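One file, run-v7.csv, carrying CSV, C-alpha atoms:
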```csv
chain,number,residue,atom,x,y,z
A,1,MET,CA,123.3,-11.8,50.9
A,2,LYS,CA,124.4,-14.4,48.3
A,3,ALA,CA,122.8,-15.6,45.1
A,4,ARG,CA,123.5,-19.0,43.5
A,5,VAL,CA,122.7,-19.3,39.9
A,6,TYR,CA,122.5,-22.6,38.0
A,7,VAL,CA,122.6,-22.3,34.2
A,8,THR,CA,121.8,-25.4,32.2
A,9,LEU,CA,121.3,-26.2,28.5
A,10,LYS,CA,117.7,-26.6,27.6
A,11,PRO,CA,116.6,-30.2,27.3
A,12,SER,CA,116.1,-29.7,23.6
A,13,VAL,CA,119.7,-28.7,23.0
A,14,LEU,CA,122.2,-31.6,22.4
A,15,ASP,CA,125.0,-31.5,25.0
A,16,PRO,CA,128.1,-33.3,23.5
A,17,GLN,CA,130.1,-32.4,26.6
A,18,GLY,CA,127.6,-34.2,28.8
A,19,ARG,CA,127.7,-37.2,26.5
A,20,ALA,CA,131.5,-37.3,26.6
A,21,VAL,CA,131.4,-37.2,30.4
A,22,GLN,CA,128.8,-40.0,30.5
A,23,GLN,CA,130.9,-42.2,28.2
A,24,THR,CA,134.0,-41.7,30.2
A,25,LEU,CA,132.1,-42.5,33.4
A,26,GLY,CA,131.0,-45.7,31.7
A,27,ARG,CA,134.6,-46.6,30.9
A,28,LEU,CA,135.4,-46.1,34.6
A,29,GLY,CA,132.8,-48.6,35.6
A,30,PHE,CA,130.0,-46.2,36.4
A,31,ASP,CA,127.7,-47.7,33.8
A,32,ASP,CA,124.5,-46.7,35.7
A,33,VAL,CA,124.5,-43.1,34.5
A,34,ALA,CA,121.6,-42.6,32.1
A,35,ASP,CA,122.4,-39.0,31.1
A,36,VAL,CA,124.8,-36.2,31.9
A,37,ARG,CA,124.2,-32.5,31.3
A,38,VAL,CA,127.0,-30.0,31.9
A,39,GLY,CA,126.0,-26.6,33.1
A,40,LYS,CA,127.4,-23.5,34.9
A,41,TYR,CA,127.2,-22.5,38.5
A,42,ILE,CA,127.6,-18.8,39.4
A,43,GLU,CA,127.9,-17.4,42.9
A,44,MET,CA,127.2,-13.7,43.5
A,45,SER,CA,127.6,-11.6,46.6
A,46,LEU,CA,125.0,-8.9,46.7
A,47,ALA,CA,125.6,-5.6,48.3
A,48,GLU,CA,123.4,-4.9,51.3
A,49,PRO,CA,120.6,-2.5,50.3
A,50,SER,CA,121.0,1.1,51.5
A,51,ASP,CA,119.1,1.9,54.7
A,52,GLU,CA,115.5,2.5,53.8
A,53,PRO,CA,112.9,3.6,56.3
A,54,ALA,CA,111.3,0.4,57.5
A,55,ALA,CA,107.6,0.1,56.6
A,56,THR,CA,105.5,0.7,59.6
A,57,GLY,CA,103.8,-2.3,61.0
A,58,MET,CA,106.2,-4.8,59.5
A,59,ASP,CA,108.4,-6.9,61.7
A,60,ARG,CA,112.0,-7.8,61.0
A,61,ALA,CA,111.1,-11.3,59.6
A,62,SER,CA,108.8,-10.0,56.9
A,63,ASP,CA,111.4,-7.3,56.1
A,64,ALA,CA,113.9,-10.0,55.5
A,65,VAL,CA,111.4,-11.9,53.3
A,66,ALA,CA,110.7,-8.8,51.2
A,67,GLU,CA,114.4,-8.2,50.9
A,68,ARG,CA,115.1,-11.7,49.6
A,69,GLU,CA,112.3,-11.3,47.1
A,70,ARG,CA,113.7,-8.0,45.9
A,71,ALA,CA,117.1,-9.7,45.5
A,72,ARG,CA,115.6,-12.6,43.6
A,73,THR,CA,113.9,-10.3,41.2
A,74,ARG,CA,117.2,-8.4,40.6
A,75,VAL,CA,119.1,-11.6,40.0
A,76,ILE,CA,116.4,-13.0,37.6
A,77,ALA,CA,116.7,-9.7,35.6
A,78,MET,CA,120.5,-10.2,35.5
A,79,CYS,CA,120.1,-13.8,34.2
A,80,GLU,CA,117.6,-12.7,31.5
A,81,LYS,CA,119.9,-9.8,30.4
A,82,LEU,CA,123.4,-11.4,30.6
A,83,ILE,CA,124.0,-14.5,32.6
A,84,ALA,CA,121.9,-16.9,30.5
A,85,ASN,CA,120.9,-17.0,26.9
A,86,PRO,CA,117.2,-17.8,26.7
A,87,VAL,CA,117.5,-19.4,23.3
A,88,ILE,CA,119.6,-22.2,24.6
A,89,GLU,CA,119.7,-22.1,28.4
A,90,ASP,CA,117.5,-22.3,31.4
A,91,PHE,CA,118.4,-20.9,34.8
A,92,ARG,CA,117.5,-21.4,38.5
A,93,VAL,CA,118.2,-18.8,41.2
A,94,GLU,CA,118.7,-19.4,44.9
A,95,ILE,CA,119.0,-16.6,47.4
A,96,VAL,CA,120.9,-17.6,50.6
A,97,GLU,CA,121.8,-16.0,53.9
B,1,MET,CA,131.8,3.5,0.2
B,2,ILE,CA,133.0,3.4,3.8
B,3,ILE,CA,132.9,0.2,5.9
B,4,GLY,CA,133.4,0.4,9.6
B,5,VAL,CA,135.1,-2.4,11.5
B,6,ILE,CA,134.5,-2.7,15.2
B,7,ARG,CA,137.5,-3.6,17.4
B,8,PHE,CA,136.7,-5.3,20.7
B,9,PRO,CA,139.2,-6.4,23.3
B,10,GLY,CA,140.1,-9.9,22.0
B,11,SER,CA,139.1,-9.3,18.4
B,12,ASN,CA,141.7,-10.9,16.1
B,13,CYS,CA,140.2,-10.7,12.6
B,14,ASP,CA,139.6,-7.0,12.8
B,15,ASP,CA,142.8,-6.2,10.8
B,16,ASP,CA,142.1,-8.9,8.3
B,17,ALA,CA,138.6,-7.4,7.7
B,18,PHE,CA,140.1,-3.9,7.4
B,19,HIS,CA,142.7,-5.2,5.0
B,20,ALA,CA,140.0,-6.9,2.8
B,21,VAL,CA,137.8,-3.8,2.5
B,22,HIS,CA,140.5,-1.1,2.6
B,23,ARG,CA,143.3,-2.5,0.6
B,24,VAL,CA,142.0,-5.4,-1.5
B,25,LEU,CA,138.7,-3.7,-2.3
B,26,GLY,CA,140.2,-0.2,-2.1
B,27,PRO,CA,140.8,0.1,-5.8
B,28,HIS,CA,137.1,-0.6,-6.4
B,29,GLY,CA,136.0,2.3,-4.3
B,30,MET,CA,135.8,0.8,-0.8
B,31,SER,CA,137.6,2.1,2.3
B,32,GLY,CA,137.7,0.9,5.9
B,33,ARG,CA,137.5,2.6,9.2
B,34,MET,CA,138.3,1.1,12.6
B,35,ILE,CA,135.8,1.7,15.4
B,36,TRP,CA,136.7,1.2,19.0
B,37,HIS,CA,134.2,-0.7,21.2
B,38,LYS,CA,134.0,2.1,23.7
B,39,ASP,CA,132.9,4.6,21.1
B,40,VAL,CA,129.2,5.5,21.2
B,41,ASP,CA,128.9,6.7,17.6
B,42,LEU,CA,129.7,4.8,14.4
B,43,GLY,CA,130.5,8.0,12.5
B,44,ASN,CA,129.7,8.4,8.8
B,45,ILE,CA,129.8,4.8,7.5
B,46,ASP,CA,127.8,2.9,4.8
B,47,ALA,CA,128.1,-0.6,6.2
B,48,LEU,CA,129.6,-2.2,9.3
B,49,ILE,CA,131.6,-5.4,10.0
B,50,VAL,CA,131.6,-7.0,13.4
B,51,PRO,CA,134.7,-9.1,13.0
B,52,GLY,CA,135.9,-12.4,14.4
B,53,GLY,CA,138.1,-13.3,17.3
B,54,PHE,CA,137.6,-13.9,21.0
B,55,SER,CA,136.0,-10.7,22.3
B,56,TYR,CA,136.3,-10.5,26.1
B,57,GLY,CA,138.0,-13.9,26.1
B,58,ASP,CA,134.7,-15.6,25.2
B,59,TYR,CA,133.9,-15.4,28.9
B,60,LEU,CA,130.5,-16.6,30.0
B,61,ARG,CA,129.4,-17.3,26.4
B,62,CYS,CA,130.9,-16.3,23.1
B,63,GLY,CA,129.8,-12.7,22.3
B,64,ALA,CA,127.9,-12.3,25.5
B,65,MET,CA,130.0,-9.4,26.9
B,66,ALA,CA,130.6,-7.7,23.6
B,67,ALA,CA,126.9,-7.6,22.9
B,68,HIS,CA,126.7,-5.1,25.8
B,69,SER,CA,129.7,-3.0,24.8
B,70,PRO,CA,129.1,0.8,24.7
B,71,ILE,CA,129.2,0.8,20.8
B,72,MET,CA,126.4,-1.7,20.6
B,73,ALA,CA,123.6,0.8,21.1
B,74,ALA,CA,124.8,2.6,18.0
B,75,VAL,CA,125.0,-0.7,16.1
B,76,LYS,CA,121.4,-1.4,17.0
B,77,ARG,CA,120.3,2.0,15.8
B,78,PHE,CA,122.3,1.6,12.5
B,79,ALA,CA,120.8,-1.9,12.0
B,80,GLU,CA,117.2,-0.7,12.8
B,81,ALA,CA,117.7,2.1,10.3
B,82,GLY,CA,118.5,-0.5,7.6
B,83,GLY,CA,122.3,-0.1,7.6
B,84,PRO,CA,124.1,-3.2,6.3
B,85,VAL,CA,125.8,-5.1,9.1
B,86,LEU,CA,128.0,-8.2,8.6
B,87,GLY,CA,129.0,-10.4,11.6
B,88,ILE,CA,131.8,-12.8,10.9
B,89,CYS,CA,132.5,-15.8,13.2
B,90,ASN,CA,132.7,-14.2,16.7
B,91,GLY,CA,130.9,-11.2,15.1
B,92,PHE,CA,128.0,-13.6,14.2
B,93,GLN,CA,127.9,-14.8,17.8
B,94,ILE,CA,127.9,-11.2,19.1
B,95,LEU,CA,125.0,-10.2,16.8
B,96,CYS,CA,123.0,-13.3,18.0
B,97,GLU,CA,123.7,-12.4,21.7
B,98,ALA,CA,122.7,-8.8,21.0
B,99,GLY,CA,119.3,-10.0,19.6
B,100,LEU,CA,120.1,-8.6,16.1
B,101,LEU,CA,120.0,-12.1,14.7
B,102,GLU,CA,118.0,-15.1,15.7
B,103,GLY,CA,119.4,-18.3,17.2
B,104,ALA,CA,122.6,-19.1,19.0
B,105,LEU,CA,126.0,-20.6,18.3
B,106,ILE,CA,127.2,-23.3,20.7
B,107,ARG,CA,130.0,-25.8,21.2
B,108,ASN,CA,130.8,-27.9,18.1
B,109,GLN,CA,129.2,-31.3,18.2
B,110,SER,CA,132.7,-32.8,18.0
B,111,LEU,CA,133.9,-30.6,21.0
B,112,SER,CA,136.9,-29.8,18.9
B,113,PHE,CA,138.2,-26.5,17.5
B,114,ILE,CA,137.8,-26.8,13.8
B,115,CYS,CA,140.0,-25.0,11.3
B,116,GLU,CA,139.4,-26.1,7.8
B,117,ASP,CA,138.1,-25.1,4.4
B,118,VAL,CA,134.4,-25.4,3.7
B,119,ASN,CA,131.9,-24.8,0.9
B,120,CYS,CA,128.7,-22.9,1.5
B,121,VAL,CA,125.7,-22.7,-0.8
B,122,VAL,CA,124.2,-19.2,-1.0
B,123,GLU,CA,120.4,-19.1,-0.7
B,124,GLY,CA,117.5,-17.2,0.9
B,125,ARG,CA,116.6,-13.6,0.3
B,126,PRO,CA,118.9,-11.0,-1.2
B,127,THR,CA,121.0,-9.3,1.4
B,128,PRO,CA,123.5,-6.4,1.0
B,129,PHE,CA,126.3,-9.0,1.3
B,130,THR,CA,124.9,-11.6,-1.1
B,131,TRP,CA,123.1,-9.3,-3.5
B,132,ALA,CA,125.5,-10.0,-6.4
B,133,ILE,CA,126.0,-13.7,-5.8
B,134,PRO,CA,123.8,-15.9,-8.0
B,135,ALA,CA,121.3,-18.0,-5.9
B,136,GLY,CA,122.5,-21.6,-5.6
B,137,ARG,CA,126.2,-20.8,-6.2
B,138,HIS,CA,128.5,-22.3,-3.6
B,139,ILE,CA,131.5,-20.5,-2.4
B,140,HIS,CA,134.7,-21.6,-0.8
B,141,MET,CA,135.9,-20.1,2.6
B,142,SER,CA,137.5,-21.3,5.8
B,143,ILE,CA,136.1,-21.8,9.2
B,144,ALA,CA,138.0,-21.5,12.5
B,145,HIS,CA,135.9,-22.0,15.6
B,146,SER,CA,134.9,-24.1,18.6
B,147,GLU,CA,131.5,-22.7,19.1
B,148,GLY,CA,129.9,-22.6,15.6
B,149,ARG,CA,127.0,-25.1,16.0
B,150,TYR,CA,124.0,-23.0,15.0
B,151,VAL,CA,120.8,-23.7,16.9
B,152,HIS,CA,117.4,-22.1,16.6
B,153,PRO,CA,114.1,-23.1,18.3
B,154,ASP,CA,112.2,-23.1,15.0
B,155,VAL,CA,114.5,-23.6,12.0
B,156,ALA,CA,111.5,-24.3,9.7
B,157,SER,CA,110.1,-20.9,10.3
B,158,LEU,CA,113.5,-19.3,9.7
B,159,GLU,CA,113.7,-21.2,6.4
B,160,GLN,CA,110.2,-20.2,5.4
B,161,ARG,CA,111.1,-16.5,6.0
B,162,SER,CA,114.1,-17.0,3.6
B,163,GLN,CA,116.5,-16.0,6.4
B,164,VAL,CA,118.9,-18.9,5.9
B,165,ILE,CA,121.6,-17.4,3.7
B,166,PHE,CA,124.5,-19.9,3.8
B,167,ARG,CA,124.5,-23.6,4.3
B,168,TYR,CA,127.5,-25.9,4.5
B,169,CYS,CA,127.7,-28.1,1.4
B,170,SER,CA,130.0,-30.5,-0.4
B,171,ALA,CA,132.4,-29.4,-3.1
B,172,ASP,CA,129.6,-30.3,-5.6
B,173,GLY,CA,127.2,-28.0,-3.8
B,174,GLU,CA,125.2,-30.8,-2.1
B,175,VAL,CA,123.9,-30.1,1.4
B,176,THR,CA,124.8,-33.3,3.2
B,177,ASP,CA,125.5,-34.4,6.8
B,178,ARG,CA,129.0,-35.1,5.8
B,179,ALA,CA,129.5,-31.5,4.7
B,180,ASN,CA,128.3,-30.2,8.1
B,181,PRO,CA,131.5,-29.5,10.1
B,182,ASN,CA,130.0,-28.7,13.5
B,183,GLY,CA,126.5,-30.2,13.8
B,184,SER,CA,124.7,-27.0,12.9
B,185,MET,CA,120.9,-27.4,12.5
B,186,GLY,CA,120.1,-27.7,8.8
B,187,ASN,CA,123.8,-27.2,7.9
B,188,ILE,CA,123.2,-23.5,8.6
B,189,ALA,CA,126.4,-21.5,8.3
B,190,GLY,CA,124.8,-18.0,8.1
B,191,VAL,CA,121.5,-16.2,8.5
B,192,CYS,CA,120.0,-12.7,8.1
B,193,ASN,CA,117.5,-10.8,10.2
B,194,SER,CA,113.9,-10.3,9.1
B,195,ALA,CA,114.7,-7.1,7.2
B,196,GLY,CA,117.6,-8.8,5.4
B,197,ASN,CA,120.2,-6.0,6.2
B,198,VAL,CA,121.9,-7.8,9.1
B,199,VAL,CA,123.9,-10.9,8.1
B,200,GLY,CA,126.0,-13.3,10.2
B,201,LEU,CA,128.1,-16.2,9.2
B,202,MET,CA,130.7,-18.5,10.8
B,203,PRO,CA,133.0,-18.8,7.7
B,204,HIS,CA,135.6,-16.1,7.1
B,205,PRO,CA,135.1,-14.3,3.8
B,206,GLU,CA,137.8,-11.8,4.7
B,207,ARG,CA,140.3,-14.6,4.7
B,208,ALA,CA,139.4,-15.6,1.1
B,209,VAL,CA,140.0,-12.4,-0.9
B,210,GLU,CA,143.5,-13.0,-2.4
B,211,ASN,CA,144.7,-16.0,-4.3
B,212,LEU,CA,148.1,-15.4,-2.8
B,213,LEU,CA,146.9,-16.8,0.4
B,214,GLY,CA,146.3,-20.3,-1.0
B,215,ALA,CA,143.5,-22.7,-1.2
B,216,GLY,CA,140.9,-20.3,0.1
B,217,GLY,CA,140.8,-18.5,-3.2
B,218,GLU,CA,138.9,-15.3,-3.7
B,219,ASP,CA,135.3,-16.4,-3.2
B,220,GLY,CA,135.1,-14.2,-0.1
B,221,ARG,CA,135.3,-11.2,-2.3
B,222,THR,CA,131.8,-11.8,-3.5
B,223,LEU,CA,130.4,-10.7,-0.2
B,224,PHE,CA,132.2,-7.4,-0.3
B,225,GLU,CA,131.6,-6.9,-4.0
B,226,SER,CA,127.9,-7.5,-3.3
B,227,SER,CA,127.9,-4.7,-0.6
B,228,LEU,CA,129.5,-2.4,-3.2
B,229,ALA,CA,126.8,-3.3,-5.8
B,230,TYR,CA,124.1,-2.8,-3.2
B,231,HIS,CA,125.6,0.5,-2.1
B,232,ARG,CA,125.6,1.7,-5.7
B,233,GLY,CA,122.1,0.5,-6.2
B,234,ARG,CA,122.9,-2.1,-8.8
B,235,PRO,CA,120.6,-5.0,-8.6
B,236,ALA,CA,123.2,-7.4,-9.8
B,237,ARG,CA,121.7,-10.6,-8.6
B,238,VAL,CA,121.3,-13.4,-11.2
B,239,GLY,CA,118.8,-16.2,-10.7
B,240,GLY,CA,116.1,-15.0,-8.3
B,241,TRP,CA,115.2,-16.4,-5.0
B,242,GLN,CA,112.4,-18.0,-3.1
```
For this file, produce the structure as C-alpha cells.
Amino acid sequence: MKARVYVTLKPSVLDPQGRAVQQTLGRLGFDDVADVRVGKYIEMSLAEPSDEPAATGMDRASDAVAERERARTRVIAMCEKLIANPVIEDFRVEIVE
Amino acid sequence: MIIGVIRFPGSNCDDDAFHAVHRVLGPHGMSGRMIWHKDVDLGNIDALIVPGGFSYGDYLRCGAMAAHSPIMAAVKRFAEAGGPVLGICNGFQILCEAGLLEGALIRNQSLSFICEDVNCVVEGRPTPFTWAIPAGRHIHMSIAHSEGRYVHPDVASLEQRSQVIFRYCSADGEVTDRANPNGSMGNIAGVCNSAGNVVGLMPHPERAVENLLGAGGEDGRTLFESSLAYHRGRPARVGGWQ
C-alpha cells in the first residue's frame, strides 16, 4: 500500500517562493496565474500488515476498506508528529493501491 | 556553573558556543560540557545550549529531525523542571519544532541566506539569559540564516504574555520595518516559553563575545553573564519590565 502526502503552507502564511514562481511565470508570458503556493509531496510505501485472523462475517472488500482506514490513521499520526508542522502547514493524505 | 552544549549531526556552532562559555566566560566561573544527541541523560548541568548549524541537513524542515533526537526527552524534562535552556539559530528552530517554544521559523521573505550584523532590543519578562540586561537596551550580534522568519498564529497574545524577548531594531534602537532582516512578524528575533526559562533567538550571541573578532563586539556576553547572575541568584536587572 502507498500513501501520498501533500504538505502546504497555511493560507495565512506568506509564501515568497510561490510569489517568485508566479512572477517568473508572468515574465514567461503566463500572466493568467493569480497565485502560486509551493508545497511538498511525500510518497510512502507502507509495509503490509502482519497476518491477523480475519474477522468473521466480513468479506474481503470490507477487510480492504478497514485496512486502508487503518493506514490513513497511521499516516495522519505521522504527519501530526513529524511530516508537517501544524503551526505553519496543512496536509492532505491519500491512500492508494 | 556548568553549561551543557548539545551536538547534533550537522551542528556547526557547537564549538563556538562551547568556546564562549568554557574559555571566554571560564575565568568568571562558567564551564562547558558537550552532550551527544544520542545520549539520553544531560548529566549534572546548570543550563543548556541548543546550538546553531544545520542539524540533520535541515531535511524536511529546519530542526524537525533534531526535535525527535534521543536527547530531546531529557531536554524536555530539564526544561519542565525549570532548567535554563537557550536555543541559538538552528537551536531556536529545534526548540520550536520540539514544542518547547511557540511559533515557527520559515524561509526568509527575501528567499536569501542572510549573513549580517543586526541590533536587537531586549524586552519582555526577565529570563535566565536576559536577567542582567537592562530592559530597552539594544545589543549588537550577527545573524546567519535562510529560515529565520518568525511566525506565530497569535503574536498579540505572545506579546501580552511578555514572551517576546528580542526584536530587530535599528542602530538607534528603533523597531522599524527597515531593521527587520527576514520578514519576521513584529520584528521578533527571540522569544521565551510561558515559564520564561526556555529562550530561543536567531542571532548568535556566542559569536559576539570577543572584541578580537571584529564588529560583532562583546554584546553577546550579556546573555551568558545573565545566566551566571541568575545561577548565583543575583537579581541584577535594571529598569523593570512590563
Q.
Select, as a PyMOL selection string, those residues of chain A with any atom no more than 12 Å from chain B (distances computed using only C-alpha atoms).
A. chain A and resi 7+9-21+38-42+79-89
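For the set B:Val155, B:Pro51, B:Asn193, B:Ala144, the residue with the smallest atom-to-atom gap to Leu100 of chain B is B:Asn193, counting all atoms listed in the file.
With only C-alpha atoms taken into account, the protein and nucleic acid residues at most 12 Å from Arg72 of chain A (excluding it and anything under 4 positions from it in its own chain) are A:Met1, A:Lys2, A:Ala3, A:Arg4, A:Val5, A:Met44, A:Leu46, A:Val65, A:Ala66, A:Glu67, A:Arg68, A:Ile76, A:Ala77, A:Met78, A:Cys79, A:Arg92, A:Val93, A:Glu94, A:Ile95, A:Val96.
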For the selection you just gave me, I'd like the residues written to a file as a JSON list (two decimals), keeping the file's coordinate frame, keeping C-alpha atoms.
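Dumped everything to selection.json:
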```
[["chain", "number", "residue", "atom", "x", "y", "z"],
["A", 1, "MET", "CA", 123.30, -11.80, 50.90],
["A", 2, "LYS", "CA", 124.40, -14.40, 48.30],
["A", 3, "ALA", "CA", 122.80, -15.60, 45.10],
["A", 4, "ARG", "CA", 123.50, -19.00, 43.50],
["A", 5, "VAL", "CA", 122.70, -19.30, 39.90],
["A", 44, "MET", "CA", 127.20, -13.70, 43.50],
["A", 46, "LEU", "CA", 125.00, -8.90, 46.70],
["A", 65, "VAL", "CA", 111.40, -11.90, 53.30],
["A", 66, "ALA", "CA", 110.70, -8.80, 51.20],
["A", 67, "GLU", "CA", 114.40, -8.20, 50.90],
["A", 68, "ARG", "CA", 115.10, -11.70, 49.60],
["A", 76, "ILE", "CA", 116.40, -13.00, 37.60],
["A", 77, "ALA", "CA", 116.70, -9.70, 35.60],
["A", 78, "MET", "CA", 120.50, -10.20, 35.50],
["A", 79, "CYS", "CA", 120.10, -13.80, 34.20],
["A", 92, "ARG", "CA", 117.50, -21.40, 38.50],
["A", 93, "VAL", "CA", 118.20, -18.80, 41.20],
["A", 94, "GLU", "CA", 118.70, -19.40, 44.90],
["A", 95, "ILE", "CA", 119.00, -16.60, 47.40],
["A", 96, "VAL", "CA", 120.90, -17.60, 50.60]]
```
Q. Between atom CA of Phe8 of chain B and atom CA of Ile143 of chain B, what is the spacing in Å?
A. 20.1 Å
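Atom pair atom CA of Val50 of chain B / atom CA of Arg7 of chain B: separated by 7.9 Å.
Closest to Asp117 of chain B among B:Thr130, B:Ser69, B:Ser170, B:Thr222 is B:Ser170, based on all atoms listed in the file.
A straight line drawn from atom CA of Asn182 of chain B to atom CA of Ile94 of chain B is 18.5 Å long.
Distances to Glu218 of chain B were evaluated for B:Ile3, B:Cys192, B:Ala132, B:Met141 using all atoms listed in the file, and the minimum falls at B:Met141.
Nearest residue to Pro181 of chain B, choosing from B:Leu228, B:Val5, B:Ala73, B:Met202 and counting all atoms listed in the file: B:Met202.
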Q: Name all residues at most 9 Å from segment 31-48 of chain B (count only C-alpha atoms; drop same-chain ones fewer than 6 positions away) and give them as a ChimeraX atom specification.
A: /B:1-9,14-15,17-23,25,66,69-75,78,83-87,227,231
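Residues in contact with Gly53 of chain B at 7 Å, where all atoms listed in the file are counted and same-chain residues fewer than 5 positions away are skipped, are listed as Gly10, Ser11, Asn12, Cys13 and Asn90 of chain B.
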Q. Near Glu210 of chain B, counting all atoms listed in the file, which residues have an atom at most 9 Å away, once you skip same-chain residues fewer than 5 positions from it, shown as an MDAnalysis selection string?
A. chainID B and resid 20 24 216:221
Q: Pick out the residues sitting within 9 Å of Asp31 of chain A, and hand them over as a PyMOL selection string; count all atoms listed in the file, and ignore anything fewer than 6 positions along from it in its own chain.
A: chain A and resi 22-23+25
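Shortest atom-to-atom contact with Arg232 of chain B among B:Trp131, B:His138, B:Glu159, B:Leu101: B:Trp131, counting all atoms listed in the file.
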